[in-house]
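Shown next: work_32.cif, given as mmCIF, C-alpha atoms and all ligand atoms.
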```
data_start
loop_
_atom_site.label_atom_id
_atom_site.label_comp_id
_atom_site.auth_asym_id
_atom_site.auth_seq_id
_atom_site.Cartn_x
_atom_site.Cartn_y
_atom_site.Cartn_z
CA MET Y 582 33.30 108.22 50.84
CA ASN Y 583 33.04 108.80 54.57
CA ARG Y 584 32.11 105.91 56.80
CA ILE Y 585 29.69 106.83 59.54
CA ILE Y 586 28.43 105.53 62.89
CA VAL Y 587 24.82 104.35 62.99
CA ALA Y 588 23.25 104.22 66.46
CA ILE Y 589 19.97 102.32 66.69
CA ASP Y 590 18.12 102.50 70.02
CA GLY Y 591 14.66 101.58 71.13
CA HIS Y 592 12.40 99.33 73.19
CA SER Y 593 13.00 95.61 73.58
CA SER Y 594 11.64 93.24 70.92
CA CYS Y 595 10.85 95.97 68.40
CA GLY Y 596 13.00 94.37 65.72
CA LYS Y 597 15.99 96.69 66.24
CA SER Y 598 18.57 93.95 65.94
CA THR Y 599 17.06 92.46 62.79
CA MET Y 600 16.98 95.81 61.03
CA ALA Y 601 20.40 96.86 62.30
CA LYS Y 602 21.90 93.57 61.13
CA TRP Y 603 20.20 93.95 57.74
CA LEU Y 604 21.53 97.48 57.27
CA ALA Y 605 25.07 96.46 58.26
CA ARG Y 606 25.09 93.67 55.66
CA GLU Y 607 23.53 95.87 53.01
CA VAL Y 608 26.16 98.61 53.37
CA GLY Y 609 29.13 96.45 54.43
CA TYR Y 610 29.47 97.77 57.98
CA ILE Y 611 30.28 95.92 61.21
CA TYR Y 612 27.23 95.09 63.32
CA VAL Y 613 27.25 95.04 67.13
CA ASP Y 614 24.30 93.90 69.26
CA THR Y 615 24.94 95.49 72.66
CA GLY Y 616 21.90 93.76 74.22
CA ALA Y 617 23.77 90.48 73.62
CA MET Y 618 26.65 91.86 75.70
CA TYR Y 619 24.37 92.63 78.69
CA ARG Y 620 22.75 89.23 78.26
CA THR Y 621 26.16 87.54 78.32
CA VAL Y 622 27.07 89.24 81.61
CA THR Y 623 23.69 88.06 82.96
CA LEU Y 624 24.45 84.47 81.95
CA PHE Y 625 27.79 84.75 83.71
CA ALA Y 626 26.06 86.00 86.89
CA ILE Y 627 23.47 83.18 86.77
CA ARG Y 628 26.12 80.50 86.26
CA ASN Y 629 28.12 81.76 89.19
CA GLY Y 630 25.16 82.08 91.57
CA LEU Y 631 25.49 85.87 91.69
CA ILE Y 632 21.85 86.63 90.79
CA LYS Y 633 18.63 84.96 91.90
CA ASN Y 634 14.91 85.66 92.13
CA LYS Y 635 14.15 86.34 95.80
CA THR Y 636 11.26 83.84 95.83
CA ASP Y 637 9.42 81.91 93.12
CA ASN Y 638 6.46 84.31 93.29
CA ASP Y 639 8.47 87.47 93.51
CA SER Y 640 9.90 89.18 90.47
CA SER Y 641 12.42 91.20 92.52
CA VAL Y 642 15.98 89.92 92.38
CA TRP Y 643 19.00 89.55 94.64
CA ILE Y 644 22.41 90.33 93.16
CA ASP Y 645 25.80 89.81 94.79
CA GLU Y 646 27.11 93.11 93.45
CA GLU Y 647 30.43 92.98 95.25
CA GLN Y 648 31.35 89.57 93.83
CA LEU Y 649 30.06 90.42 90.37
CA LYS Y 650 32.14 93.58 90.32
CA LYS Y 651 35.25 91.59 91.29
CA GLN Y 652 34.67 88.71 88.88
CA LEU Y 653 33.65 90.95 85.96
CA LYS Y 654 37.28 91.96 85.50
CA ASP Y 655 37.99 88.47 84.10
CA VAL Y 656 34.93 88.30 81.88
CA GLU Y 657 35.65 88.64 78.18
CA ILE Y 658 32.79 89.24 75.80
CA SER Y 659 33.36 88.84 72.08
CA PHE Y 660 31.57 87.86 68.87
CA VAL Y 661 32.39 85.28 66.21
CA LEU Y 662 30.72 84.96 62.81
CA ASN Y 663 28.76 81.83 62.02
CA GLN Y 664 30.39 80.85 58.71
CA GLU Y 665 27.17 79.48 57.21
CA THR Y 666 24.62 82.11 58.25
CA LYS Y 667 27.13 84.99 58.60
CA GLN Y 668 25.34 85.90 61.83
CA PRO Y 669 27.38 87.12 64.82
CA LEU Y 670 27.38 84.78 67.81
CA ALA Y 671 28.05 86.06 71.34
CA CYS Y 672 30.90 84.45 73.28
CA LEU Y 673 31.62 84.37 77.00
CA ASN Y 674 35.32 83.82 77.62
CA GLY Y 675 35.60 82.15 74.21
CA GLU Y 676 32.55 79.87 74.60
CA ILE Y 677 29.68 80.47 72.15
CA VAL Y 678 26.63 81.25 74.28
CA GLU Y 679 24.28 82.72 71.64
CA ASP Y 680 21.40 80.29 72.26
CA LEU Y 681 21.74 80.37 76.05
CA ILE Y 682 21.45 84.16 76.25
CA ARG Y 683 18.17 84.22 74.28
CA GLY Y 684 16.13 82.05 76.72
CA MET Y 685 13.54 83.30 79.22
CA GLU Y 686 15.84 82.91 82.26
CA VAL Y 687 18.35 85.44 80.94
CA SER Y 688 15.55 87.65 79.52
CA ASN Y 689 13.91 87.86 82.93
CA LEU Y 690 17.11 88.82 84.75
CA VAL Y 691 18.96 91.01 82.27
CA SER Y 692 17.39 94.39 83.07
CA PRO Y 693 18.58 94.55 86.71
CA ILE Y 694 22.07 93.52 85.54
CA ALA Y 695 22.01 96.22 82.84
CA ALA Y 696 21.06 98.79 85.50
CA LEU Y 697 24.33 98.26 87.44
CA PRO Y 698 26.68 101.23 86.88
CA PHE Y 699 29.89 99.12 86.91
CA VAL Y 700 28.47 96.75 84.30
CA ARG Y 701 27.47 99.67 82.06
CA GLU Y 702 30.87 101.29 82.50
CA LYS Y 703 32.75 98.19 81.35
CA LEU Y 704 30.51 97.47 78.37
CA THR Y 705 30.22 101.12 77.26
CA MET Y 706 34.02 101.38 77.19
CA GLN Y 707 34.32 98.24 75.04
CA GLN Y 708 31.57 99.52 72.70
CA LYS Y 709 33.30 102.89 72.21
CA GLN Y 710 36.50 101.05 71.23
CA MET Y 711 34.57 98.94 68.70
CA GLY Y 712 33.45 102.14 66.95
CA GLU Y 713 36.82 103.88 66.75
CA LYS Y 714 37.19 103.18 63.02
CA LYS Y 715 33.52 104.02 62.26
CA GLY Y 716 31.70 101.93 59.62
CA ILE Y 717 29.60 100.40 62.37
CA VAL Y 718 25.92 99.81 63.11
CA MET Y 719 25.34 99.36 66.83
CA ASP Y 720 22.01 98.72 68.47
CA GLY Y 721 20.92 99.02 72.09
CA ARG Y 722 19.29 101.49 74.48
CA ASP Y 723 21.91 104.18 75.05
CA ILE Y 724 23.97 104.11 71.86
CA GLY Y 725 22.86 107.51 70.58
CA THR Y 726 22.85 109.11 74.04
CA ALA Y 727 25.88 107.63 75.85
CA VAL Y 728 28.06 105.39 73.66
CA PHE Y 729 28.14 107.48 70.45
CA PRO Y 730 26.52 110.86 71.13
CA GLN Y 731 28.46 112.02 68.03
CA ALA Y 732 26.91 109.37 65.72
CA GLU Y 733 26.03 110.74 62.29
CA LEU Y 734 22.78 108.73 62.24
CA LYS Y 735 20.64 108.01 65.29
CA VAL Y 736 17.44 106.04 64.92
CA PHE Y 737 14.94 105.47 67.71
CA VAL Y 738 12.81 102.40 66.93
CA THR Y 739 9.54 101.65 68.63
CA ALA Y 740 6.29 99.64 68.35
CA SER Y 741 3.40 98.98 70.76
CA ALA Y 742 4.10 96.56 73.67
CA GLU Y 743 1.42 94.14 72.36
CA VAL Y 744 2.92 94.00 68.87
CA ARG Y 745 6.38 93.44 70.36
CA ALA Y 746 5.20 90.67 72.71
CA MET Y 747 3.51 88.85 69.81
CA ARG Y 748 6.69 89.05 67.72
CA ARG Y 749 8.75 87.65 70.61
CA PHE Y 750 6.15 84.89 71.15
CA LYS Y 751 6.39 83.82 67.50
CA GLU Y 752 10.18 84.01 67.51
CA LEU Y 753 10.45 81.70 70.55
CA GLN Y 754 7.78 79.40 69.08
CA GLU Y 755 9.79 79.07 65.87
CA LYS Y 756 12.82 78.11 67.97
CA GLY Y 757 10.79 75.21 69.37
CA ASP Y 758 10.02 76.66 72.82
CA GLN Y 759 6.98 74.66 73.99
CA ASN Y 760 5.84 76.26 77.25
CA LEU Y 761 5.01 79.72 76.03
CA ASP Y 762 2.55 82.08 77.67
CA TYR Y 763 1.79 85.25 75.67
CA ASN Y 764 0.74 87.16 78.81
CA GLU Y 765 3.99 86.28 80.56
CA ILE Y 766 5.94 87.54 77.55
CA LEU Y 767 3.88 90.76 77.44
CA LYS Y 768 4.54 91.27 81.17
CA ASN Y 769 8.27 90.71 80.57
CA VAL Y 770 8.28 93.27 77.72
CA GLN Y 771 6.46 95.86 79.88
CA GLU Y 772 8.68 95.25 82.91
CA ARG Y 773 11.82 95.61 80.81
CA ASP Y 774 10.50 98.85 79.27
CA TYR Y 775 9.92 100.22 82.75
CA ILE Y 776 13.31 99.23 84.20
CA ASP Y 777 15.21 100.26 81.04
CA SER Y 778 13.67 103.73 80.99
CA HIS Y 779 13.74 104.40 84.75
CA ARG Y 780 17.24 103.29 85.76
CA ASP Y 781 19.64 105.95 87.08
CA VAL Y 782 22.50 105.35 84.67
CA ASN Y 783 21.93 105.98 80.95
CA PRO Y 784 18.23 105.10 80.81
CA LEU Y 785 16.52 104.33 77.52
CA ARG Y 786 15.76 107.73 76.07
CA GLN Y 787 15.34 109.11 72.60
CA ALA Y 788 18.31 111.35 71.74
CA ASP Y 789 17.19 114.87 70.81
CA ASP Y 790 18.54 114.47 67.29
CA ALA Y 791 17.30 110.89 66.73
CA LEU Y 792 14.90 110.01 63.91
CA VAL Y 793 11.88 107.99 65.12
CA LEU Y 794 10.87 104.80 63.33
CA ASP Y 795 7.59 103.31 64.64
CA ASN Y 796 7.26 99.95 62.91
CA SER Y 797 3.98 98.74 64.52
CA ASN Y 798 2.27 98.81 61.12
CA LEU Y 799 5.19 98.43 58.76
CA THR Y 800 6.33 95.36 56.85
CA LYS Y 801 10.01 94.44 57.09
CA GLU Y 802 10.54 95.67 53.54
CA GLU Y 803 8.92 99.06 54.25
CA GLN Y 804 10.93 99.45 57.43
CA ASN Y 805 14.21 98.53 55.74
CA LYS Y 806 13.57 100.99 52.93
CA ILE Y 807 12.99 103.82 55.43
CA LEU Y 808 16.17 102.87 57.28
CA LEU Y 809 18.26 102.73 54.10
CA ASP Y 810 16.93 106.16 53.04
CA MET Y 811 17.91 107.57 56.45
CA PHE Y 812 21.37 106.04 56.06
CA THR Y 813 21.90 107.41 52.53
CA GLN Y 814 20.92 110.90 53.65
CA ALA Y 815 23.21 110.75 56.69
CA VAL Y 816 26.17 109.62 54.53
CA ASP Y 817 25.47 112.43 52.01
CA LYS Y 818 25.40 114.95 54.84
CA ALA Y 819 28.66 113.59 56.31
CA ASN Y 820 30.33 113.80 52.87
CA GLN Y 821 29.15 117.37 52.35
CA SER Y 822 30.53 118.56 55.66
CA ALA Y 823 33.85 116.66 55.24
O1 LIG Y 901 18.06 94.31 73.20
P1 LIG Y 901 17.94 93.20 74.25
O2 LIG Y 901 16.51 92.86 74.57
O3 LIG Y 901 18.73 92.00 73.87
O4 LIG Y 901 18.59 93.82 75.58
C1 LIG Y 901 18.68 93.07 76.74
C2 LIG Y 901 18.65 93.99 77.94
O5 LIG Y 901 19.84 94.77 78.02
C3 LIG Y 901 17.47 94.95 78.04
O6 LIG Y 901 16.88 94.84 79.32
C4 LIG Y 901 18.08 96.32 77.88
C5 LIG Y 901 19.52 96.13 78.21
N1 LIG Y 901 20.38 96.96 77.36
C6 LIG Y 901 20.86 98.15 77.86
O7 LIG Y 901 20.53 98.51 78.97
N2 LIG Y 901 21.70 98.90 77.11
C7 LIG Y 901 22.04 98.52 75.88
N3 LIG Y 901 22.86 99.30 75.17
C8 LIG Y 901 21.54 97.32 75.33
C9 LIG Y 901 20.69 96.55 76.10
#
```

Spell out the structure here as structure tokens.
Amino acid sequence: MNRIIVAIDGHSSCGKSTMAKWLAREVGYIYVDTGAMYRTVTLFAIRNGLIKNKTDNDSSVWIDEEQLKKQLKDVEISFVLNQETKQPLACLNGEIVEDLIRGMEVSNLVSPIAALPFVREKLTMQQKQMGEKKGIVMDGRDIGTAVFPQAELKVFVTASAEVRAMRRFKELQEKGDQNLDYNEILKNVQERDYIDSHRDVNPLRQADDALVLDNSNLTKEEQNKILLDMFTQAVDKANQSA
């Protein structure tokens, strides 16, 4: 039985990671959340004073690109498995930073970091290496277009911005975040959509041969069933042409 590469791309907060993780466990593949990798670089930049909002009222940011480029050479991003939950946890130079990279500060600054060509180059290279042996489900924005254009299954996931903002709101609420503003979250979702799909290098774009999965009105079970059907068909096709 051939092992394949599954590339799952789509807008932020559309449940990509949850479904990608579910599929990987269901079929025994490795799961890689590439958004976590861009978030980890963002945390590194924040900690080292290499990125800041220009003013409190201004959403534009200042980045010390020269320093970040230099220091990025020594940044190692990896994942470890939580032994109890079996969930992957992102690490920055060996330190588990999973919770830190999910907060609003990193969420608000990650898109400009992900738009930097030298950041994308480093992470794309690492991601390609992770998929050398296939048997991998990777989710992100450019997996089907730039990281694995040869992937046997490409899925483009989407949902309306309002549905996505409400999901994010509930997710943060469940984590105990007290000062939540739905409109701020919606604005963050819309801003990220804009930056992710308008950047020069590898913007978010549906690959020509990707299958679209709009989950605005789907339950998790319905969505997972559609995804598993897509996977089974892609594996059958790969086996037939082997
Ligand atoms: O999926 P996420 O929300 O955790 O992604 C965080 C940010 O990283 C988001 O602004 C898009 C960006 N990203 C990217 O540009 N390319 C990827 N392959 C994955 C994420």

field: Best match for closeness to ligand LIG 901 (chain Y) among Y:Ile644, Y:Val691, Y:Cys672, Y:Ala740, counting all atoms listed in the file
entry: Y:Val691

field: Contacts of Asn820 of chain Y at 10 Å (all atoms listed in the file; same-chain gap of 2+ positions) as a list in words
entry: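 Result of the neighbour search: Met582, Asn583, Arg584, Ile585, Gln814, Ala815, Val816, Asp817, Lys818, Ser822 and Ala823 of chain Y.
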
query: Of the residues Y:Gln771, Y:Gln664, Y:Thr800, Y:Ser741, which is the one nearest to ligand LIG 901 (chain Y), using all atoms listed in the file?
result: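 Comparing Y:Gln771, Y:Gln664, Y:Thr800, Y:Ser741 against ligand LIG 901 (chain Y), the winner is Y:Gln771.
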
- request: Work out how far atom CA of Asn760 of chain Y is from atom CA of Ile627 of chain Y, in Å to one decimal.
  value: 21.2 Å

query: Expressed in Å to a single decimal, how great is the separation between atom CA of Ser692 of chain Y and atom C6 of ligand LIG 901 (chain Y)?
result: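 Atom-to-atom, atom CA of Ser692 of chain Y to atom C6 of ligand LIG 901 (chain Y), that is 7.3 Å.
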
task: Find the spatial neighbours of Lys703 of chain Y, counting only C-alpha atoms, within a cut-off of 9 Å - ignore same-chain residues fewer than 4 positions away - and output them as a count of residues only.
output: 6

query: Do you have the atom C6 of ligand LIG 901 (chain Y)-atom CA of Tyr763 of chain Y distance handy?
result: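 Going from atom C6 of ligand LIG 901 (chain Y) over to atom CA of Tyr763 of chain Y, I get 23.1 Å.
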
field: Which of Y:Val744, Y:Val687, Y:Ala791, Y:Ile807 sits closest to ligand LIG 901 (chain Y) [using only C-alpha atoms and all ligand atoms]
entry: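 Of the candidates, the smallest distance to ligand LIG 901 (chain Y) is held by Y:Val687.
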
Please put the answer as AutoDock Vina command-line options: centre and edge lengths, in Å with one decimal, of a box along x, y and z that encloses all listed atoms of segment 607-625 of chain Y plus 8 Å on each side.
```
--center_x 26.1 --center_y 91.5 --center_z 68.4 --size_x 24.4 --size_y 30.1 --size_z 46.7
```

- prompt: Please, which residues have at least one atom within 8 Å of an atom of ligand LIG 901 (chain Y), using all atoms listed in the file, listed as a VMD selection string?
  reply: chain Y and resid 590 592 to 594 597 to 598 614 to 620 683 688 691 to 696 701 705 720 to 724 773 to 774 776 to 777 783 to 785

Writing out the chosen residues with C-alpha atoms as a PDB file, in the frame of the given file:
```
ATOM      1  CA  ASP Y 590      18.120 102.500  70.020  1.00  0.00           C
ATOM      2  CA  HIS Y 592      12.400  99.330  73.190  1.00  0.00           C
ATOM      3  CA  SER Y 593      13.000  95.610  73.580  1.00  0.00           C
ATOM      4  CA  SER Y 594      11.640  93.240  70.920  1.00  0.00           C
ATOM      5  CA  LYS Y 597      15.990  96.690  66.240  1.00  0.00           C
ATOM      6  CA  SER Y 598      18.570  93.950  65.940  1.00  0.00           C
ATOM      7  CA  ASP Y 614      24.300  93.900  69.260  1.00  0.00           C
ATOM      8  CA  THR Y 615      24.940  95.490  72.660  1.00  0.00           C
ATOM      9  CA  GLY Y 616      21.900  93.760  74.220  1.00  0.00           C
ATOM     10  CA  ALA Y 617      23.770  90.480  73.620  1.00  0.00           C
ATOM     11  CA  MET Y 618      26.650  91.860  75.700  1.00  0.00           C
ATOM     12  CA  TYR Y 619      24.370  92.630  78.690  1.00  0.00           C
ATOM     13  CA  ARG Y 620      22.750  89.230  78.260  1.00  0.00           C
ATOM     14  CA  ARG Y 683      18.170  84.220  74.280  1.00  0.00           C
ATOM     15  CA  SER Y 688      15.550  87.650  79.520  1.00  0.00           C
ATOM     16  CA  VAL Y 691      18.960  91.010  82.270  1.00  0.00           C
ATOM     17  CA  SER Y 692      17.390  94.390  83.070  1.00  0.00           C
ATOM     18  CA  PRO Y 693      18.580  94.550  86.710  1.00  0.00           C
ATOM     19  CA  ILE Y 694      22.070  93.520  85.540  1.00  0.00           C
ATOM     20  CA  ALA Y 695      22.010  96.220  82.840  1.00  0.00           C
ATOM     21  CA  ALA Y 696      21.060  98.790  85.500  1.00  0.00           C
ATOM     22  CA  ARG Y 701      27.470  99.670  82.060  1.00  0.00           C
ATOM     23  CA  THR Y 705      30.220 101.120  77.260  1.00  0.00           C
ATOM     24  CA  ASP Y 720      22.010  98.720  68.470  1.00  0.00           C
ATOM     25  CA  GLY Y 721      20.920  99.020  72.090  1.00  0.00           C
ATOM     26  CA  ARG Y 722      19.290 101.490  74.480  1.00  0.00           C
ATOM     27  CA  ASP Y 723      21.910 104.180  75.050  1.00  0.00           C
ATOM     28  CA  ILE Y 724      23.970 104.110  71.860  1.00  0.00           C
ATOM     29  CA  ARG Y 773      11.820  95.610  80.810  1.00  0.00           C
ATOM     30  CA  ASP Y 774      10.500  98.850  79.270  1.00  0.00           C
ATOM     31  CA  ILE Y 776      13.310  99.230  84.200  1.00  0.00           C
ATOM     32  CA  ASP Y 777      15.210 100.260  81.040  1.00  0.00           C
ATOM     33  CA  ASN Y 783      21.930 105.980  80.950  1.00  0.00           C
ATOM     34  CA  PRO Y 784      18.230 105.100  80.810  1.00  0.00           C
ATOM     35  CA  LEU Y 785      16.520 104.330  77.520  1.00  0.00           C
TER      36      LEU Y 785
END
```
